[in-house]
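Asker: First the structure, then my questions, so here it is.
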There are 2 protein chains.
Amino acid sequence: MSDTKEKLSFVDKTLEKADYYSHAVHVLNYDMETICPKKARQKEGELIALTSNEAFKILKNKKFIAAGEDIFAHKDELDPLDKVLAEHLHRSYVVNKNITPGLNKKFSLTFNKAYVDWLEAKEKSDFSLFAPSLKKVRDVQDKIYNLRDDKTSFSTPYNSMLDGCEKGMDEATLDAFFGECKARLIPLLKRINSAPKKIRTDFLSRKVSVERQAKFNQYLMPLIGFDLDRGALTTTEHPFTDGLAKDDVRITTHYYEDNFISNIFSVIHEGGHAIFEQNQNEEDFAHHINENMSMGMHESVSRFYENRIGRSKAFVHLIFPKLQADFSDIFSDVTEEEFYEGINAVQPSFVRTEADEFTYTFHIIIRYEIEKEMVDNKLPTSQVRKLWNQKYKDYLGIVPPNDTLGVLQDVHWSSNGFGYFPTYALGNAYNAMYYNRMKKEIDIDKEVESGNFANINRWMKDNVFNHANRLDYKAWLMEITGRSFTPDDFLDYLEDKYTKMYNLK
Amino acid sequence: MSDTKEKLSFVDKTLEKADYYSHAVHVLNYDMETICPKKARQKEGELIALTSNEAFKILKNKKFIAAGEDIFAHKDELDPLDKVLAEHLHRSYVVNKNITPGLNKKFSLTFNKAYVDWLEAKEKSDFSLFAPSLKKVRDVQDKIYNLRDDKTSFSTPYNSMLDGCEKGMDEATLDAFFGECKARLIPLLKRINSAPKKIRTDFLSRKVSVERQAKFNQYLMPLIGFDLDRGALTTTEHPFTDGLAKDDVRITTHYYEDNFISNIFSVIHEGGHAIFEQNQNEEDFAHHINENMSMGMHESVSRFYENRIGRSKAFVHLIFPKLQADFSDIFSDVTEEEFYEGINAVQPSFVRTEADEFTYTFHIIIRYEIEKEMVDNKLPTSQVRKLWNQKYKDYLGIVPPNDTLGVLQDVHWSSNGFGYFPTYALGNAYNAMYYNRMKKEIDIDKEVESGNFANINRWMKDNVFNHANRLDYKAWLMEITGRSFTPDDFLDYLEDKYTKMYNLK
């Protein structure tokens, strides 16, 4: 055991070193995605690949791996946090076992190049400029899969990707989940579309200057609990959140003068991610186990703040007086009820991140089905655009007018982010489950109406954030709700909300 | 000689590696100065110190140093570019000879801590919060000086700092330069202050929204030749330029709603630095000799674009119609002549970066005299604030109302940037010398009036930018003007411009 202690100390020191490189990679990545000029992207991408490979080299060090495996062999004798660390080390060892630093660098360079090509293709709205790079990404993914010793534990290659984003998730579970979503949401969408009640949305596109939107964000962010001394907000084409370091969590937004609401909900969504990141366990950082096991949990949090809180009547009741006061020129002829309905109106649309809460799931189903086709059935990348447009027609009845608003809208495929999309939809289902649990302890609407987020955020920390690095989704949901994963809470919630709003009952 | 070739190749490969770390350090530094949240600065500062120490370690490698010294010993047998490289290697070797990576890291951490403390002290406008860190910076500087083998080649410690910023510059030259400036500018300032002619400046503080200012920058930057595909503009408290990589030059500005003009000239100033960086010799990058020998040359360029071009009648004639069209609500009652005079009005002020072209030199003289006192005469750092305020009273007749507008306004002292301030004033003198030379070949006013910057920028590349990594200021000025350094051209220009503008003759 004293031998294990020594090894733990060696592992700790090694991870400390690797953390420096990871911190640098995070800053470099953030720079790449926010401000790096067009013609500098290639070079900065190489810098990122090389720096991240330095961290990778440290983790591939033989002595380090031997120590990690030895600790893992004794995991049941360890303190709980060390046991978690042992499991993280082993998982990382297995996944990377046959990937050399040379290969890792090569793969990273491929992904970085694909990202740069995607940016350009999107700017030019031409999928054909991206398809060859996407093929290279797919080739690398196949290589990575074939290099895995444990590949027989996955019944399909795509399952290995799902497991990487959401430990324990697989196609069978998702097929059932999305099947249920389709069974209940497609008929409801038809009823909504033919509902006599028309929702007023004219005021949503009224022009609000960037400065005024930015000023409103300064009210919104601390309101929900985002600490700006340990975070920042900037502007990007595609909003995202990046936890660069323990005290450095950054979110971005995009301002559209004719879509103020887009910015508000983007900031609440990314703000939710940020609150999650800012409230990670201190001791997890100290133990180098700050690596989430469930991306669906992360997305459940952002979508909890965005939808369950942000698009609720209670939240509208809280912020509407402020909106009326600061934007009297914009909202003077709008009632609180009209505002609530407007931000919840169901309207099939092209862009996932701008979708309403109801149609959002269809955007995910489309991506999930295409990914599966690409990975398991080797759909040629050149065919992806066609399939995308077909599915938008089938599910939402609309065809993207161009690739920027269609198949090129998301960054994920360029950056090897396959298997991630489903976690957005899973997040909705997870937070519906824990919302119902939270309700038993907290009068959520009352807290929100009074602008008091302390109790809600504390509940989230105890029941969600604190489990991020320690439990997979199955164990976590069981732990806090006493139930297995189910889409019912989510679908019940949507049915209830929208049948009421559209007077369908 | 084949042995030297081998060594050159080894040196090249080593510098390639060091360049990756330097690139990373530049991105990290840029992040630190633009967006890094308050409570993450300390940690990111440590990351910068560690990353920059990785580059330092590479350059301290014994084999690398031996190769560099061997190449230097054979420098007269080398191709011109290799000879320059040999000189750079030798200079770097001498300066860092007795500094170990351990010391280097310690020093960097001291400077980073001082930077973080300065930011906080400035926010709180309290010099006493910064004075202890400034003392630590001074202590490190003394250590660095005492570690230099060649310190006897400098008659004072401050001279070694001047040489670091401006190779070959010393106190004797600066004393003579600033003496001449004082002798000619102090009497003229008195005449201007008591001139009967009053310049109209009321329109300078009219409110212009950030968005409109930002939009105007999109016209201004390409106009003067800043390539935005290889660069970017962001917002910071203190505008600066950073050449992060060959195709990545970024500038920043600060928007004040009630000071549109500040943004315009800040963008032209930083844009000038950026044009310099974007037009460095390609082959210098390939040869790893992209390290300027003269910071005064760099500042001469930014101040050439800001003042000699930007504040000229010709430039006003070029942009005024655009200003009148886009900002008719702001400038409709202003004539072109009034605009020209307004942006050139002489007005003693507290903040160097906002100073008019005439009083600017006094801001530099004050800093130069204080630096000399601190370094050569060991003025206690606790006394610096008092001396600062006294000198503003003596030279400009005004006393800063607080430390933010006074002794804490500049970043330089926190970041070991002693010896840099004089290069701003030298830059004015240099560009006056080469402006007179350029005039013989190009009708500058005519080109500017027609918005054609191609010939001017080409002349600048041939006569200024191309020499940046190869010549010190003495050799460079002799090469392009055939004359030794003199303040006369600069002082003649100021006298001529301002006696005319204030009708003093």
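Residue numbering restarts at 1 in every chain; chains get A, B, ... in the order shown in the structure tokens, and ligands count up from 1 in that same order.
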Please provide the set of residues having any atom within 7 Å of segment 454-466 of chain A, restricted to only C-alpha atoms, with same-chain residues fewer than 5 positions apart removed, written as a list in words.

Answerer: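 Surrounding residues, per the criterion: Phe276, Asn279, Gln280, Asn281 and Ile480 of chain A.
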
Asker: Those residues you just picked out, can you put them in a file as a compact mmCIF listing (two decimals), in the first residue's frame with C-alpha atoms?

Answerer:
```txt
# COMPACT_ATOMS: atom_id res chain seq x y z
CA PHE A 276 -22.04 23.93 -14.01
CA ASN A 279 -19.40 24.87 -9.41
CA GLN A 280 -17.37 21.76 -10.02
CA ASN A 281 -15.93 20.16 -6.91
CA ILE A 480 -30.81 11.26 -7.49
```

Asker: Please report as an MDAnalysis selection string which residues of chain B come no farther than 9 Å from chain A, using only C-alpha atoms.

Answerer: chainID B and resid 20:21 23:24 27:28 31 35:41 43:44 47:48 50:51 209:211 228:234 245:250

Asker: If you run DSSP on the backbone here, which positions in segment 200-351 of chain A get strand (DSSP E or B)? Please write them as a short mmCIF file (atom, residue, chain, number, x, y, z; two decimals) with N, CA and C atoms, in the first residue's frame.

Answerer:
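Below you can see result24.cif, which holds the result:
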```cif
data_model
loop_
_atom_site.label_atom_id
_atom_site.label_comp_id
_atom_site.auth_asym_id
_atom_site.auth_seq_id
_atom_site.Cartn_x
_atom_site.Cartn_y
_atom_site.Cartn_z
N GLY A 231 -15.10 34.41 -14.98
CA GLY A 231 -15.62 34.07 -16.30
C GLY A 231 -15.69 35.29 -17.18
N ALA A 232 -16.11 35.07 -18.41
CA ALA A 232 -16.19 36.18 -19.35
C ALA A 232 -17.22 35.87 -20.43
N LEU A 233 -17.67 36.92 -21.07
CA LEU A 233 -18.58 36.78 -22.21
C LEU A 233 -17.97 37.48 -23.42
N THR A 234 -17.89 36.78 -24.54
CA THR A 234 -17.47 37.43 -25.78
C THR A 234 -18.43 37.06 -26.91
N THR A 235 -18.13 37.54 -28.08
CA THR A 235 -19.01 37.33 -29.22
C THR A 235 -18.39 36.36 -30.22
N THR A 241 -19.44 27.39 -24.63
CA THR A 241 -18.86 27.58 -23.30
C THR A 241 -17.57 26.82 -23.24
N ASP A 242 -16.55 27.41 -22.63
CA ASP A 242 -15.30 26.71 -22.47
C ASP A 242 -14.78 26.91 -21.05
N GLY A 243 -14.61 25.82 -20.35
CA GLY A 243 -13.99 25.88 -19.02
C GLY A 243 -12.49 25.74 -19.21
N LEU A 244 -11.79 26.88 -19.23
CA LEU A 244 -10.36 26.85 -19.52
C LEU A 244 -9.55 26.44 -18.31
N ALA A 245 -10.04 26.83 -17.13
CA ALA A 245 -9.35 26.50 -15.89
C ALA A 245 -10.37 26.64 -14.77
N ASP A 248 -11.79 30.03 -14.61
CA ASP A 248 -11.81 30.67 -15.92
C ASP A 248 -12.79 29.95 -16.85
N VAL A 249 -14.05 30.38 -16.77
CA VAL A 249 -15.09 29.76 -17.58
C VAL A 249 -15.69 30.84 -18.49
N ARG A 250 -15.58 30.63 -19.78
CA ARG A 250 -15.99 31.67 -20.70
C ARG A 250 -17.17 31.23 -21.56
N ILE A 251 -18.07 32.14 -21.77
CA ILE A 251 -19.19 31.85 -22.66
C ILE A 251 -19.16 32.87 -23.80
N THR A 252 -19.81 32.51 -24.90
CA THR A 252 -19.91 33.45 -26.01
C THR A 252 -21.37 33.54 -26.45
N THR A 253 -21.66 34.60 -27.15
CA THR A 253 -23.00 34.75 -27.71
C THR A 253 -22.89 35.38 -29.10
N SER A 294 -20.45 12.24 -18.39
CA SER A 294 -21.71 12.32 -19.10
C SER A 294 -21.89 13.69 -19.73
#
```

Asker: From the list A:Asn469, A:Asn98, A:Thr34, A:Thr4, which residue is nearest Ile289 of chain A when using only C-alpha atoms?

Answerer: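 Of the candidates, the smallest distance to Ile289 of chain A is held by A:Asn469.
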
Asker: Pick from B:Phe10, B:Tyr219, B:Phe485, B:Phe421: nearest to Leu323 of chain B, with only C-alpha atoms counted?

Answerer: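 Among the listed residues, the smallest separation from Leu323 of chain B belongs to B:Tyr219.
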
Asker: Hey, what does DSSP flag as alpha helix (DSSP H) within segment 70-244 of chain A? Can you give it to me as an NGL selection string?

Answerer: :A and (70-73 or 80-96 or 101-124 or 131-146 or 157-165 or 171-193 or 210-224)

Asker: For atom CA of Phe216 of chain A and atom CA of Arg311 of chain A, quote the distance in Å rounded to one decimal.

Answerer: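 Separating atom CA of Phe216 of chain A from atom CA of Arg311 of chain A is a distance of 16.8 Å.
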
Asker: Which polymer residues have any atom within 6 Å of an atom of segment 193-206 of chain B, counting only C-alpha atoms, with same-chain residues fewer than 3 positions away left out, as a PyMOL selection string?

Answerer: chain B and resi 190+258-259+342+502

Asker: What does the distance from atom CA of Glu77 of chain A to atom CA of Asp3 of chain A come to in Å, to one decimal?

Answerer: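 A separation of 12.5 Å between them.
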
Asker: Name the residues in contact with segment 362-371 of chain A at a cut-off of 8 Å, using only C-alpha atoms, excluding same-chain residues fewer than 4 positions from it; report them as a list of chain:residue names.

Answerer: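 Using only C-alpha atoms, the neighbours found are A:Tyr158, A:Phe178, A:Arg352, A:Val375, A:Val384, A:Leu387, A:Trp388, A:Lys391, A:Tyr392, A:Tyr395, A:Leu396, A:Phe418, A:Gly419, A:Phe421, A:Pro422, A:Tyr424, A:Ala425.
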
Asker: Suppose we keep N, CA, C and O atoms; can you now write the selection as an mmCIF file, in the first residue's frame?

Answerer:
```cif
data_model
loop_
_atom_site.group_PDB
_atom_site.id
_atom_site.type_symbol
_atom_site.label_atom_id
_atom_site.label_comp_id
_atom_site.auth_asym_id
_atom_site.auth_seq_id
_atom_site.Cartn_x
_atom_site.Cartn_y
_atom_site.Cartn_z
ATOM 1 N N TYR A 158 -20.255 3.025 -34.153
ATOM 2 C CA TYR A 158 -20.912 4.237 -33.636
ATOM 3 C C TYR A 158 -21.167 4.123 -32.139
ATOM 4 O O TYR A 158 -21.109 5.124 -31.415
ATOM 5 N N PHE A 178 -35.600 7.903 -29.104
ATOM 6 C CA PHE A 178 -36.064 8.746 -30.210
ATOM 7 C C PHE A 178 -37.360 8.190 -30.827
ATOM 8 O O PHE A 178 -38.192 8.948 -31.318
ATOM 9 N N ARG A 352 -30.554 24.522 -35.676
ATOM 10 C CA ARG A 352 -30.740 23.852 -34.402
ATOM 11 C C ARG A 352 -30.683 24.808 -33.211
ATOM 12 O O ARG A 352 -31.566 24.804 -32.356
ATOM 13 N N VAL A 375 -21.349 6.275 -39.964
ATOM 14 C CA VAL A 375 -20.376 5.469 -39.227
ATOM 15 C C VAL A 375 -20.629 3.978 -39.406
ATOM 16 O O VAL A 375 -19.727 3.232 -39.779
ATOM 17 N N VAL A 384 -24.050 13.146 -47.757
ATOM 18 C CA VAL A 384 -24.591 13.613 -46.488
ATOM 19 C C VAL A 384 -25.534 14.797 -46.671
ATOM 20 O O VAL A 384 -26.594 14.883 -46.044
ATOM 21 N N LEU A 387 -28.989 13.682 -47.859
ATOM 22 C CA LEU A 387 -29.745 13.028 -46.802
ATOM 23 C C LEU A 387 -30.246 14.054 -45.780
ATOM 24 O O LEU A 387 -31.379 13.974 -45.289
ATOM 25 N N TRP A 388 -29.374 15.014 -45.481
ATOM 26 C CA TRP A 388 -29.747 16.089 -44.540
ATOM 27 C C TRP A 388 -31.015 16.799 -45.014
ATOM 28 O O TRP A 388 -31.997 16.937 -44.276
ATOM 29 N N LYS A 391 -34.168 14.707 -44.846
ATOM 30 C CA LYS A 391 -34.701 14.499 -43.498
ATOM 31 C C LYS A 391 -35.369 15.764 -42.947
ATOM 32 O O LYS A 391 -36.352 15.685 -42.216
ATOM 33 N N TYR A 392 -34.815 16.936 -43.292
ATOM 34 C CA TYR A 392 -35.492 18.165 -42.854
ATOM 35 C C TYR A 392 -36.875 18.255 -43.477
ATOM 36 O O TYR A 392 -37.831 18.722 -42.863
ATOM 37 N N TYR A 395 -39.102 15.413 -41.599
ATOM 38 C CA TYR A 395 -39.471 15.632 -40.195
ATOM 39 C C TYR A 395 -40.092 16.995 -39.938
ATOM 40 O O TYR A 395 -40.976 17.139 -39.103
ATOM 41 N N LEU A 396 -39.560 18.012 -40.621
ATOM 42 C CA LEU A 396 -40.011 19.366 -40.297
ATOM 43 C C LEU A 396 -40.736 20.053 -41.452
ATOM 44 O O LEU A 396 -41.233 21.176 -41.301
ATOM 45 N N PHE A 418 -18.454 13.339 -33.283
ATOM 46 C CA PHE A 418 -19.519 12.361 -33.538
ATOM 47 C C PHE A 418 -19.974 11.747 -32.220
ATOM 48 O O PHE A 418 -19.170 11.490 -31.335
ATOM 49 N N GLY A 419 -21.265 11.478 -32.117
ATOM 50 C CA GLY A 419 -21.794 10.881 -30.892
ATOM 51 C C GLY A 419 -22.198 11.928 -29.873
ATOM 52 O O GLY A 419 -22.774 11.598 -28.833
ATOM 53 N N PHE A 421 -24.165 14.826 -30.577
ATOM 54 C CA PHE A 421 -25.513 15.392 -30.783
ATOM 55 C C PHE A 421 -26.598 14.764 -29.892
ATOM 56 O O PHE A 421 -27.407 15.485 -29.316
ATOM 57 N N PRO A 422 -26.620 13.424 -29.773
ATOM 58 C CA PRO A 422 -27.694 12.843 -28.953
ATOM 59 C C PRO A 422 -27.730 13.377 -27.524
ATOM 60 O O PRO A 422 -28.789 13.396 -26.896
ATOM 61 N N TYR A 424 -27.631 16.278 -26.464
ATOM 62 C CA TYR A 424 -28.520 17.444 -26.326
ATOM 63 C C TYR A 424 -29.943 16.985 -25.995
ATOM 64 O O TYR A 424 -30.606 17.540 -25.123
ATOM 65 N N ALA A 425 -30.388 15.989 -26.744
ATOM 66 C CA ALA A 425 -31.756 15.505 -26.516
ATOM 67 C C ALA A 425 -31.841 14.749 -25.193
ATOM 68 O O ALA A 425 -32.813 14.885 -24.442
#
```

Asker: List the neighbours of Phe130 of chain B out to 8 Å using only C-alpha atoms; skip same-chain residues closer than 4 positions along the sequence, and give me the result as a VMD selection string.

Answerer: chain B and resid 114 117 to 118 121 126 134

Asker: Hey, can you spit out that residue selection with C-alpha atoms as a PDB file, in the first residue's frame?

Answerer:
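Written out: selection-v6.pdb:
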```
ATOM      1  CA  ALA B 114       3.429  42.524 -10.851  1.00  0.00           C
ATOM      2  CA  ASP B 117      -1.123  43.565  -9.102  1.00  0.00           C
ATOM      3  CA  TRP B 118      -0.853  46.583 -11.379  1.00  0.00           C
ATOM      4  CA  ALA B 121      -4.057  48.746  -8.285  1.00  0.00           C
ATOM      5  CA  ASP B 126      -4.158  53.093  -5.496  1.00  0.00           C
ATOM      6  CA  LEU B 134       7.305  47.398  -8.492  1.00  0.00           C
TER       7      LEU B 134
END
```

Asker: What's the 12 Å shell around Asn416 of chain B, counting only C-alpha atoms, without same-chain residues fewer than 3 positions away, as a VMD selection string?

Answerer: chain B and resid 107 to 115 133 to 142 144 161 164 to 165 371 375 410 to 413 419 to 421

Asker: I'd like the neighbourhood of Phe304 of chain B as a list in words, where a residue qualifies if any of its atoms comes within 9 Å (using only C-alpha atoms), though same-chain residues fewer than 5 positions away should be ignored.

Answerer: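 So, after excluding close chain neighbours, the residues are His269, Gly272, Glu299, Ile309, Gly310, Gly427, Asn428, Asn431, Ala432 and Tyr435 of chain B.
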
Asker: Distance atom CA of Ala355 of chain B-atom CA of Glu338 of chain B, one decimal place?

Answerer: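 So the answer is 18.6 Å.
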
Asker: Of the candidates A:Tyr305, A:Phe285, A:Phe327, A:Phe177, which shows the shortest atom-to-atom distance to Phe490 of chain A, using only C-alpha atoms?

Answerer: A:Phe177
